[in-house]
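Undergrad: Okay, handing you the structure first.
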Amino acid sequence: MPLPLATLALAVTLTTSAARAPRAGAPVELAVQRALSSTAPGGARADAATAPLLGVRYLLSPLGEGQGLDPDPRFRLDAFDCVTFVETATALGSAGSLDEARRALDDVRYRSRVDVADRLHEVISQWIPSNLAKGWIAPASRAAAGDATVVERVSYDAARWRRLAASGQRLTGVPLEQAPLGRFEVEVVPLRALGAAAPRIADGTIAFVVRAERDDHLTRVSHAGLVVVRGGRRLVRHASSSAGVMRVVEEPLARFVAGQQRLRGRPVVGLALFAVQDARARLASLPARPPPP
């Protein structure tokens, strides 16, 4: 089913170093568990725990509520789109086990309850502010780009949501009267500053691709990935829907951005960066995750 965040999984033309798709199941889960047990929490753990997922297949909107309107599973390691990959990386960054990751992922994906109407569908107005408030992420654009950082904005009112709905764009399962309203901001590293800022992007940093605003588009964010550091180089690990790729890959940051710029449509403004936090205190406060129906 079409989800606003699923539209972030745009095709990217790239040459990838990813290996053949790994077999889903115990080997991948064991590798992820080893990373959770052996790596410090935060961005480093998000990096280490998602490394075994390189090559895992791309699937549009692979997660749901396990029942109801979107019966897809609430947690899985065998398929991702770009946003569910970033969400899973965020959860893994604080988890000590896969059970903890399952519990964390629910909190990352939903405002307060596991319900499609309460899911954090849109990035700038819902996902970012909620996960900043909960402590799963922290702003990282200014730490990388300093005064070159720019503030990008998006506004939603009832009339805009009605126009979007009339064109077939809406937040899945969310009544129009419950759609976010107001003006929302995000700090962005503009493309002109990205080369100088890249060496200051920390391992395990979330990167959202922000495009020019148009009020006939539901979101300004078109793709997402996790920046990882290898030998001083910044790579972006992400779930690619590009024809002939269709899996989790990683590629140099500059190539990732160039691929986004080649896509038709609104121009890329820059990257909104967020550090994956050590949110173990938040995780410990969450109630036990009920079993799936």
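Chain labels run A, B, ... following the order of the structure tokens; each chain numbers its residues from 1, and ligands are numbered from 1 in the order shown.
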For Ile124 of chain A, list every protein, DNA or RNA residue within 10 Å, evaluated using only C-alpha atoms, and leave out those in the same chain fewer than 5 positions away; present the list as a PyMOL selection string.
TA: chain A and resi 129-130+152-155+183-186+208+210+219-221+272
Undergrad: Would you kindly return, as a compact mmCIF listing (two decimals) with N, CA and C atoms, in the first residue's frame, each protein, DNA or RNA residue with an atom no farther than 10 Å from any atom of Gly43 of chain A, considering only C-alpha atoms and excluding same-chain residues fewer than 5 positions away?
TA:
# COMPACT_ATOMS: atom_id res chain seq x y z
N ALA A 48 27.58 -0.93 13.20
CA ALA A 48 28.00 -2.33 13.31
C ALA A 48 26.83 -3.29 13.13
N ALA A 49 25.68 -2.94 13.68
CA ALA A 49 24.54 -3.85 13.64
C ALA A 49 23.84 -3.88 12.28
N ALA A 89 17.94 0.92 12.05
CA ALA A 89 19.28 1.31 12.51
C ALA A 89 19.19 2.12 13.79
N THR A 90 18.22 3.03 13.87
CA THR A 90 18.03 3.84 15.07
C THR A 90 17.71 2.97 16.27
N LEU A 92 18.39 -0.30 16.62
CA LEU A 92 19.54 -1.15 16.92
C LEU A 92 20.63 -0.38 17.67
N GLY A 93 20.70 0.92 17.47
CA GLY A 93 21.73 1.73 18.11
C GLY A 93 21.69 1.70 19.62
N SER A 94 20.55 1.39 20.20
CA SER A 94 20.43 1.35 21.66
C SER A 94 20.10 -0.04 22.19
N ILE A 137 17.38 10.40 18.55
CA ILE A 137 18.28 11.10 17.64
C ILE A 137 18.62 12.47 18.20
N ALA A 202 29.84 12.17 11.76
CA ALA A 202 30.23 11.05 12.61
C ALA A 202 29.68 9.73 12.09
N ASP A 203 30.34 8.65 12.50
CA ASP A 203 29.89 7.30 12.16
C ASP A 203 28.48 7.07 12.69
N GLY A 204 27.62 6.49 11.85
CA GLY A 204 26.25 6.18 12.27
C GLY A 204 25.35 7.39 12.32
N THR A 205 25.51 8.30 11.36
CA THR A 205 24.66 9.50 11.28
C THR A 205 23.58 9.29 10.23
N ILE A 206 22.34 9.59 10.58
CA ILE A 206 21.23 9.51 9.64
C ILE A 206 21.28 10.70 8.69
N LEU A 226 22.17 5.84 6.15
CA LEU A 226 23.02 5.92 7.33
C LEU A 226 24.45 6.15 6.87
N VAL A 227 25.05 7.25 7.33
CA VAL A 227 26.45 7.53 6.99
C VAL A 227 27.35 6.71 7.91
N VAL A 228 28.27 5.95 7.31
CA VAL A 228 29.23 5.16 8.07
C VAL A 228 30.63 5.56 7.64
N PHE A 274 21.28 13.68 11.42
CA PHE A 274 20.90 13.42 12.80
C PHE A 274 21.74 12.27 13.35
N ALA A 275 22.28 12.48 14.55
CA ALA A 275 23.10 11.46 15.19
C ALA A 275 22.20 10.44 15.88
N VAL A 276 22.48 9.16 15.68
CA VAL A 276 21.80 8.11 16.43
C VAL A 276 22.34 8.15 17.86
N GLN A 277 21.44 8.26 18.83
CA GLN A 277 21.83 8.45 20.22
C GLN A 277 21.87 7.14 21.02
N ASP A 278 22.56 7.19 22.13
CA ASP A 278 22.47 6.13 23.14
C ASP A 278 21.20 6.40 23.93
Undergrad: Write out as a PyMOL selection string each polymer residue whose atoms come within 6 Å of Tyr58 of chain A, counting only C-alpha atoms; drop sequence neighbours fewer than 4 positions from it.
TA: chain A and resi 79-81+239+246-247
Undergrad: Next, the residues of the selection above should be written as a compact mmCIF listing (two decimals), in the first residue's frame with C-alpha atoms.
TA:
# COMPACT_ATOMS: atom_id res chain seq x y z
CA ALA A 79 13.69 -6.74 3.76
CA PHE A 80 13.82 -2.94 3.94
CA ASP A 81 12.92 0.26 2.18
CA ALA A 239 18.06 0.47 0.88
CA MET A 246 17.02 -3.58 -5.13
CA ARG A 247 18.92 -4.25 -1.91
Undergrad: Where in segment 56-113 of chain A does DSSP assign alpha helix (DSSP H), given as a PDB file with N, CA and C atoms, in the first residue's frame?
TA:
ATOM      1  N   CYS A  82      13.973   2.453   2.305  1.00  0.00           N
ATOM      2  CA  CYS A  82      14.994   3.350   2.854  1.00  0.00           C
ATOM      3  C   CYS A  82      14.654   3.829   4.257  1.00  0.00           C
ATOM      4  N   VAL A  83      13.371   4.101   4.519  1.00  0.00           N
ATOM      5  CA  VAL A  83      13.009   4.620   5.832  1.00  0.00           C
ATOM      6  C   VAL A  83      13.001   3.531   6.889  1.00  0.00           C
ATOM      7  N   THR A  84      12.454   2.361   6.568  1.00  0.00           N
ATOM      8  CA  THR A  84      12.461   1.305   7.574  1.00  0.00           C
ATOM      9  C   THR A  84      13.891   0.872   7.889  1.00  0.00           C
ATOM     10  N   PHE A  85      14.814   1.000   6.937  1.00  0.00           N
ATOM     11  CA  PHE A  85      16.212   0.703   7.228  1.00  0.00           C
ATOM     12  C   PHE A  85      16.764   1.695   8.253  1.00  0.00           C
ATOM     13  N   VAL A  86      16.500   2.985   8.052  1.00  0.00           N
ATOM     14  CA  VAL A  86      16.970   4.004   8.993  1.00  0.00           C
ATOM     15  C   VAL A  86      16.296   3.828  10.350  1.00  0.00           C
ATOM     16  N   GLU A  87      15.008   3.522  10.354  1.00  0.00           N
ATOM     17  CA  GLU A  87      14.315   3.310  11.621  1.00  0.00           C
ATOM     18  C   GLU A  87      14.902   2.119  12.376  1.00  0.00           C
ATOM     19  N   THR A  88      15.172   1.043  11.661  1.00  0.00           N
ATOM     20  CA  THR A  88      15.754  -0.137  12.296  1.00  0.00           C
ATOM     21  C   THR A  88      17.149   0.166  12.812  1.00  0.00           C
ATOM     22  N   ALA A  89      17.943   0.915  12.048  1.00  0.00           N
ATOM     23  CA  ALA A  89      19.279   1.314  12.507  1.00  0.00           C
ATOM     24  C   ALA A  89      19.191   2.121  13.793  1.00  0.00           C
ATOM     25  N   THR A  90      18.218   3.027  13.872  1.00  0.00           N
ATOM     26  CA  THR A  90      18.027   3.840  15.071  1.00  0.00           C
ATOM     27  C   THR A  90      17.713   2.969  16.275  1.00  0.00           C
ATOM     28  N   ALA A  91      16.830   1.992  16.090  1.00  0.00           N
ATOM     29  CA  ALA A  91      16.465   1.082  17.180  1.00  0.00           C
ATOM     30  C   ALA A  91      17.650   0.220  17.595  1.00  0.00           C
ATOM     31  N   LEU A  92      18.393  -0.301  16.618  1.00  0.00           N
ATOM     32  CA  LEU A  92      19.539  -1.148  16.920  1.00  0.00           C
ATOM     33  C   LEU A  92      20.629  -0.380  17.668  1.00  0.00           C
ATOM     34  N   LEU A  98      17.916  -8.560  20.082  1.00  0.00           N
ATOM     35  CA  LEU A  98      16.880  -8.383  19.069  1.00  0.00           C
ATOM     36  C   LEU A  98      15.530  -8.114  19.707  1.00  0.00           C
ATOM     37  N   ASP A  99      15.264  -8.698  20.874  1.00  0.00           N
ATOM     38  CA  ASP A  99      14.013  -8.402  21.564  1.00  0.00           C
ATOM     39  C   ASP A  99      13.947  -6.927  21.947  1.00  0.00           C
ATOM     40  N   GLU A 100      15.052  -6.380  22.432  1.00  0.00           N
ATOM     41  CA  GLU A 100      15.075  -4.953  22.740  1.00  0.00           C
ATOM     42  C   GLU A 100      14.924  -4.116  21.471  1.00  0.00           C
ATOM     43  N   ALA A 101      15.506  -4.562  20.375  1.00  0.00           N
ATOM     44  CA  ALA A 101      15.373  -3.834  19.116  1.00  0.00           C
ATOM     45  C   ALA A 101      13.920  -3.792  18.668  1.00  0.00           C
ATOM     46  N   ARG A 102      13.204  -4.879  18.840  1.00  0.00           N
ATOM     47  CA  ARG A 102      11.780  -4.907  18.495  1.00  0.00           C
ATOM     48  C   ARG A 102      11.007  -3.865  19.304  1.00  0.00           C
ATOM     49  N   ARG A 103      11.297  -3.818  20.595  1.00  0.00           N
ATOM     50  CA  ARG A 103      10.600  -2.864  21.457  1.00  0.00           C
ATOM     51  C   ARG A 103      10.978  -1.436  21.089  1.00  0.00           C
ATOM     52  N   ALA A 104      12.253  -1.211  20.820  1.00  0.00           N
ATOM     53  CA  ALA A 104      12.700   0.128  20.444  1.00  0.00           C
ATOM     54  C   ALA A 104      12.086   0.581  19.127  1.00  0.00           C
ATOM     55  N   LEU A 105      11.984  -0.325  18.169  1.00  0.00           N
ATOM     56  CA  LEU A 105      11.482   0.059  16.851  1.00  0.00           C
ATOM     57  C   LEU A 105      10.041   0.551  16.928  1.00  0.00           C
ATOM     58  N   ASP A 106       9.228  -0.061  17.762  1.00  0.00           N
ATOM     59  CA  ASP A 106       7.861   0.436  17.928  1.00  0.00           C
ATOM     60  C   ASP A 106       7.863   1.885  18.392  1.00  0.00           C
ATOM     61  N   ASP A 107       8.762   2.225  19.321  1.00  0.00           N
ATOM     62  CA  ASP A 107       8.800   3.586  19.851  1.00  0.00           C
ATOM     63  C   ASP A 107       9.333   4.568  18.818  1.00  0.00           C
ATOM     64  N   VAL A 108      10.247   4.114  17.961  1.00  0.00           N
ATOM     65  CA  VAL A 108      10.793   4.967  16.903  1.00  0.00           C
ATOM     66  C   VAL A 108       9.743   5.239  15.832  1.00  0.00           C
ATOM     67  N   ARG A 109       8.908   4.257  15.533  1.00  0.00           N
ATOM     68  CA  ARG A 109       7.975   4.360  14.399  1.00  0.00           C
ATOM     69  C   ARG A 109       6.626   4.988  14.746  1.00  0.00           C
TER      70      ARG A 109
END
Undergrad: Using only C-alpha atoms, pick whichever of A:Val56, A:Val189, A:Leu176, A:Ile128 has the shortest atom-to-atom distance to Val151 of chain A.
TA: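 Between A:Val56, A:Val189, A:Leu176, A:Ile128, the residue approaching Val151 of chain A most closely is A:Val189.
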Undergrad: What does the distance between atom CA of Leu164 of chain A and atom CA of Pro267 of chain A come to in Å, to one decimal place?
TA: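 For atom CA of Leu164 of chain A relative to atom CA of Pro267 of chain A, the distance reads 20.3 Å.
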Undergrad: Suppose you want the space between atom CA of Leu273 of chain A and atom CA of Val209 of chain A; what is it in Å?
TA: 9.1 Å
Undergrad: What does the distance from atom CA of Ala117 of chain A to atom CA of Ala179 of chain A come to in Å, to one decimal?
TA: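 Calculated distance between atom CA of Ala117 of chain A and atom CA of Ala179 of chain A is 9.3 Å.
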Undergrad: Determine, counting only C-alpha atoms, which protein, DNA and RNA residues have an atom within 7 Å of an atom of Arg234 of chain A; residues of the same chain fewer than 2 positions away are not included. Present the result as a ChimeraX atom specification.
TA: /A:198,227-230,232,236,252-253
